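Enquirer: File name my_file.cif; file contents mmCIF, C-alpha atoms; full text below.
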data_run
loop_
_atom_site.group_PDB
_atom_site.id
_atom_site.type_symbol
_atom_site.label_atom_id
_atom_site.label_comp_id
_atom_site.auth_asym_id
_atom_site.auth_seq_id
_atom_site.Cartn_x
_atom_site.Cartn_y
_atom_site.Cartn_z
ATOM 1 C CA MET H 1326 23.496 11.090 -38.525
ATOM 2 C CA LYS H 1327 25.983 9.325 -36.282
ATOM 3 C CA ASP H 1328 24.132 9.139 -32.921
ATOM 4 C CA GLY H 1329 20.499 8.739 -31.883
ATOM 5 C CA ARG H 1330 17.441 6.504 -31.678
ATOM 6 C CA ILE H 1331 15.908 6.122 -35.129
ATOM 7 C CA ALA H 1332 12.507 4.592 -35.858
ATOM 8 C CA VAL H 1333 11.890 2.837 -39.158
ATOM 9 C CA PRO H 1334 8.225 1.892 -39.750
ATOM 10 C CA SER H 1335 8.435 -1.762 -40.720
ATOM 11 C CA ASP H 1336 6.258 -4.494 -42.201
ATOM 12 C CA GLY H 1337 5.893 -7.866 -40.500
ATOM 13 C CA GLU H 1338 8.289 -8.525 -37.651
ATOM 14 C CA GLY H 1339 10.660 -5.686 -38.566
ATOM 15 C CA GLY H 1340 14.337 -5.827 -37.665
ATOM 16 C CA MET H 1341 17.359 -4.946 -39.769
ATOM 17 C CA ASP H 1342 16.333 -7.459 -42.460
ATOM 18 C CA GLY H 1343 12.730 -6.214 -42.489
ATOM 19 C CA ILE H 1344 11.223 -3.905 -45.106
ATOM 20 C CA ARG H 1345 10.373 -0.252 -44.459
ATOM 21 C CA SER H 1346 6.613 0.124 -44.493
ATOM 22 C CA GLY H 1347 5.015 2.349 -47.100
ATOM 23 C CA HIS H 1348 2.707 3.981 -44.555
ATOM 24 C CA PHE H 1349 4.280 4.853 -41.212
ATOM 25 C CA GLY H 1350 0.983 5.184 -39.333
ATOM 26 C CA HIS H 1351 -0.253 1.745 -40.321
ATOM 27 C CA CYS H 1352 3.015 -0.174 -40.104
ATOM 28 C CA ASP H 1353 3.088 -3.429 -38.128
ATOM 29 C CA VAL H 1354 6.037 -2.411 -35.936
ATOM 30 C CA PHE H 1355 8.710 0.242 -35.612
ATOM 31 C CA THR H 1356 12.274 -1.032 -35.843
ATOM 32 C CA ILE H 1357 14.216 1.121 -33.373
ATOM 33 C CA ILE H 1358 17.919 1.465 -34.181
ATOM 34 C CA GLU H 1359 20.295 3.017 -31.681
ATOM 35 C CA LEU H 1360 23.336 4.603 -33.331
ATOM 36 C CA LYS H 1361 26.473 5.512 -31.450
ATOM 37 C CA ASP H 1362 29.583 6.905 -33.116
ATOM 38 C CA GLY H 1363 28.207 5.981 -36.547
ATOM 39 C CA ARG H 1364 27.606 2.318 -35.666
ATOM 40 C CA VAL H 1365 24.472 0.347 -34.908
ATOM 41 C CA GLU H 1366 24.649 -0.319 -31.189
ATOM 42 C CA ASN H 1367 21.217 -1.862 -30.570
ATOM 43 C CA VAL H 1368 18.094 -2.898 -32.479
ATOM 44 C CA SER H 1369 14.687 -3.369 -30.875
ATOM 45 C CA ILE H 1370 11.094 -3.732 -32.018
ATOM 46 C CA LEU H 1371 8.256 -1.493 -30.870
ATOM 47 C CA PRO H 1372 4.728 -2.645 -31.817
ATOM 48 C CA ASN H 1373 2.607 0.040 -33.441
ATOM 49 C CA GLN H 1374 -0.646 1.068 -31.747
ATOM 50 C CA GLU H 1375 -4.107 1.441 -33.222
ATOM 51 C CA HIS H 1376 -4.826 5.093 -33.826
ATOM 52 C CA SER H 1377 -8.532 5.387 -34.391
ATOM 53 C CA GLN H 1378 -8.646 7.489 -31.184
ATOM 54 C CA GLY H 1379 -6.096 10.292 -31.497
ATOM 55 C CA GLY H 1380 -5.630 9.902 -35.233
ATOM 56 C CA CYS H 1381 -2.206 10.195 -36.806
ATOM 57 C CA LEU H 1382 -0.676 11.694 -33.676
ATOM 58 C CA VAL H 1383 -0.748 8.352 -31.813
ATOM 59 C CA PRO H 1384 2.526 7.188 -33.456
ATOM 60 C CA VAL H 1385 4.081 10.580 -32.638
ATOM 61 C CA THR H 1386 3.323 10.124 -28.940
ATOM 62 C CA LEU H 1387 4.399 6.469 -28.999
ATOM 63 C CA LEU H 1388 7.794 7.301 -30.503
ATOM 64 C CA ALA H 1389 8.331 10.378 -28.314
ATOM 65 C CA ASP H 1390 7.555 8.274 -25.215
ATOM 66 C CA ASN H 1391 10.220 5.809 -26.374
ATOM 67 C CA ARG H 1392 12.900 8.526 -26.702
ATOM 68 C CA VAL H 1393 13.120 8.331 -30.495
ATOM 69 C CA ASN H 1394 14.746 11.406 -32.036
ATOM 70 C CA ALA H 1395 14.356 10.587 -35.758
ATOM 71 C CA ILE H 1396 12.039 8.638 -38.042
ATOM 72 C CA ILE H 1397 12.557 7.584 -41.652
ATOM 73 C CA ALA H 1398 9.313 7.570 -43.649
ATOM 74 C CA GLY H 1399 8.199 7.401 -47.250
ATOM 75 C CA GLY H 1400 5.664 10.131 -46.655
ATOM 76 C CA MET H 1401 3.171 11.528 -44.178
ATOM 77 C CA GLY H 1402 0.562 14.213 -43.822
ATOM 78 C CA LEU H 1403 1.111 17.698 -42.463
ATOM 79 C CA ARG H 1404 -0.466 16.968 -39.067
ATOM 80 C CA PRO H 1405 1.928 14.141 -38.082
ATOM 81 C CA LEU H 1406 4.894 16.031 -39.557
ATOM 82 C CA MET H 1407 4.052 19.022 -37.368
ATOM 83 C CA GLY H 1408 3.557 16.670 -34.406
ATOM 84 C CA PHE H 1409 6.986 15.094 -34.903
ATOM 85 C CA ASN H 1410 8.562 18.537 -35.273
ATOM 86 C CA ALA H 1411 6.884 19.724 -32.043
ATOM 87 C CA ALA H 1412 8.142 16.586 -30.239
ATOM 88 C CA GLY H 1413 11.718 17.231 -31.410
ATOM 89 C CA ILE H 1414 11.749 14.181 -33.708
ATOM 90 C CA ASP H 1415 13.447 14.728 -37.079
ATOM 91 C CA VAL H 1416 11.611 13.236 -40.070
ATOM 92 C CA TYR H 1417 13.760 11.919 -42.921
ATOM 93 C CA PHE H 1418 12.319 11.091 -46.341
ATOM 94 C CA ASP H 1419 13.031 7.779 -48.064
ATOM 95 C CA ASN H 1420 11.030 6.881 -51.157
ATOM 96 C CA GLN H 1421 12.219 3.270 -51.437
ATOM 97 C CA HIS H 1422 10.470 0.302 -49.819
ATOM 98 C CA ALA H 1423 13.910 -0.956 -48.954
ATOM 99 C CA GLN H 1424 15.350 -3.246 -46.341
ATOM 100 C CA VAL H 1425 15.718 -1.466 -42.984
ATOM 101 C CA ARG H 1426 19.472 -2.095 -43.057
ATOM 102 C CA SER H 1427 19.908 -0.189 -46.336
ATOM 103 C CA VAL H 1428 17.617 2.657 -45.183
ATOM 104 C CA ILE H 1429 19.802 3.125 -42.077
ATOM 105 C CA ASP H 1430 22.941 3.032 -44.243
ATOM 106 C CA GLU H 1431 21.472 5.801 -46.408
ATOM 107 C CA LEU H 1432 20.809 7.899 -43.303
ATOM 108 C CA MET H 1433 24.285 7.335 -41.860
ATOM 109 C CA ASN H 1434 25.835 8.251 -45.218
ATOM 110 C CA GLY H 1435 23.910 11.541 -45.304
ATOM 111 C CA ASN H 1436 21.804 10.575 -48.327
ATOM 112 C CA LEU H 1437 18.340 11.233 -46.847
ATOM 113 C CA GLU H 1438 16.864 14.704 -46.626
ATOM 114 C CA LYS H 1439 14.671 16.018 -43.834
ATOM 115 C CA MET H 1440 11.019 16.156 -44.807
ATOM 116 C CA SER H 1441 9.588 19.626 -45.263
ATOM 117 C CA GLU H 1442 5.999 20.857 -45.343
ATOM 118 C CA GLN H 1443 6.231 20.979 -49.160
ATOM 119 C CA MET H 1444 6.794 17.192 -49.216
ATOM 120 C CA VAL H 1445 3.697 16.082 -47.250
ATOM 121 C CA CYS H 1446 0.969 13.789 -48.579
ATOM 122 C CA GLY H 1447 -2.561 15.094 -49.029
ATOM 123 C CA GLY H 1448 -5.571 13.683 -47.202
ATOM 124 C CA HIS H 1449 -4.033 13.394 -43.728
#
Kindly return the structure encoded in the file as structure tokens.
Expert:
Amino acid sequence: MKDGRIAVPSDGEGGMDGIRSGHFGHCDVFTIIELKDGRVENVSILPNQEHSQGGCLVPVTLLADNRVNAIIAGGMGLRPLMGFNAAGIDVYFDNQHAQVRSVIDELMNGNLEKMSEQMVCGGH
């Protein structure tokens, strides 16, 4: 991926030096990375919202409202995956709790695959 707004669920304060959260729906913040021509053009932080009302689709709406077109996650249930797909947001799978910077590098280098229904977590 060379262009777009990518969300990386992040622990703590997020940012390029932050760590990708293990659970996208309960992350502290989303680090939003804007790519243009294969380079990081801008980095911003978007606080996550509580999702007791609306369940796991609250982050889908939050990211769609903020013009995100891809998310990198370590896993998610079928319902949010379908929600992201319906919103036109690509979901990429990363199984490492790595620094946001290295996760974005993996995406830009084409090393992350899009998440399919066969890859979802149970219980969501």
Enquirer: Can you turn the PyMOL selection byres ((chain H and resi 1425-1436) around 10) into a concrete residue list for this file, as a compact mmCIF listing (two decimals) with C-alpha atoms, keeping the file's coordinate frame?
Expert:
# COMPACT_ATOMS: atom_id res chain seq x y z
CA MET H 1326 23.50 11.09 -38.52
CA LYS H 1327 25.98 9.32 -36.28
CA ASP H 1328 24.13 9.14 -32.92
CA ILE H 1331 15.91 6.12 -35.13
CA ALA H 1332 12.51 4.59 -35.86
CA VAL H 1333 11.89 2.84 -39.16
CA PRO H 1334 8.22 1.89 -39.75
CA SER H 1335 8.44 -1.76 -40.72
CA ASP H 1336 6.26 -4.49 -42.20
CA GLY H 1339 10.66 -5.69 -38.57
CA GLY H 1340 14.34 -5.83 -37.66
CA MET H 1341 17.36 -4.95 -39.77
CA ASP H 1342 16.33 -7.46 -42.46
CA GLY H 1343 12.73 -6.21 -42.49
CA ILE H 1344 11.22 -3.90 -45.11
CA ARG H 1345 10.37 -0.25 -44.46
CA SER H 1346 6.61 0.12 -44.49
CA THR H 1356 12.27 -1.03 -35.84
CA ILE H 1358 17.92 1.46 -34.18
CA LEU H 1360 23.34 4.60 -33.33
CA GLY H 1363 28.21 5.98 -36.55
CA ARG H 1364 27.61 2.32 -35.67
CA VAL H 1365 24.47 0.35 -34.91
CA ILE H 1397 12.56 7.58 -41.65
CA ALA H 1398 9.31 7.57 -43.65
CA TYR H 1417 13.76 11.92 -42.92
CA PHE H 1418 12.32 11.09 -46.34
CA ASP H 1419 13.03 7.78 -48.06
CA ASN H 1420 11.03 6.88 -51.16
CA GLN H 1421 12.22 3.27 -51.44
CA HIS H 1422 10.47 0.30 -49.82
CA ALA H 1423 13.91 -0.96 -48.95
CA GLN H 1424 15.35 -3.25 -46.34
CA LEU H 1437 18.34 11.23 -46.85
CA GLU H 1438 16.86 14.70 -46.63
Enquirer: Between CA of Val1354 in chain H and CA of Glu1338 in chain H, measure the distance and give it in Å to one decimal.
Expert: 6.7 Å
Enquirer: Please define a box with edges along x, y and z of the file around all atoms of range 1391-1395 of chain H given in the file, extend it by 5 Å on each side, and return its centre and edge lengths in Å to one decimal, as lines of an AutoDock Vina configuration file.
Expert:
center_x = 12.5
center_y = 8.6
center_z = -31.1
size_x = 14.5
size_y = 15.6
size_z = 19.4
Enquirer: Here is a test: counting all atoms listed in the file, which residue of H:Val1445, H:Ala1411, H:Ile1357, H:Val1416 is nearest to Arg1392 in chain H?
Expert: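 Closest residue, counting all atoms listed in the file: H:Ile1357.
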Enquirer: Could you tell me how far CA of Pro1384 in chain H lies from CA of Gly1350 in chain H, in Å and to one decimal?
Expert: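 Separating CA of Pro1384 in chain H from CA of Gly1350 in chain H is a distance of 6.4 Å.
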Enquirer: So, counting all atoms listed in the file, which residue among H:Ile1396, H:Arg1404, H:Asp1362, H:Leu1387 is closest to Phe1349 in chain H?
Expert: H:Ile1396
Enquirer: List, as a count of residues only, every residue that the PyMOL selection byres ((chain H and resi 1441-1443) around 8) selects in the file provided.
Expert: 6
Enquirer: Calculate how many Å separate CA of Leu1388 in chain H from CA of Val1368 in chain H, rounding to one decimal.
Expert: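 The value is 14.6 Å.
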Enquirer: Taking the file as shown, find all residues satisfying the PyMOL selection byres ((chain H and resi 1371-1374) around 6) and write them as a VMD selection string.
Expert: chain H and resid 1353 to 1355 1370 1375
Enquirer: From the list H:Pro1405, H:Asn1367, H:Gly1413, H:Gly1347, which residue is nearest Val1393 in chain H when using all atoms listed in the file?
Expert: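 Checking each of H:Pro1405, H:Asn1367, H:Gly1413, H:Gly1347 against Val1393 in chain H, counting all atoms listed in the file, the winner is H:Gly1413.
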Enquirer: Measuring atom to atom with all atoms listed in the file, identify which of H:Asn1394, H:Gly1400, H:His1351, H:Gly1329 is nearest to Ile1414 in chain H.
Expert: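 Under the stated criterion, the closest residue is H:Asn1394.
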Enquirer: Which of these, H:Lys1361, H:Arg1330, H:Leu1382, H:His1348, has the shortest distance to Met1401 in chain H once you count only C-alpha atoms?
Expert: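 For Met1401 in chain H, the nearest of the candidates is H:His1348.
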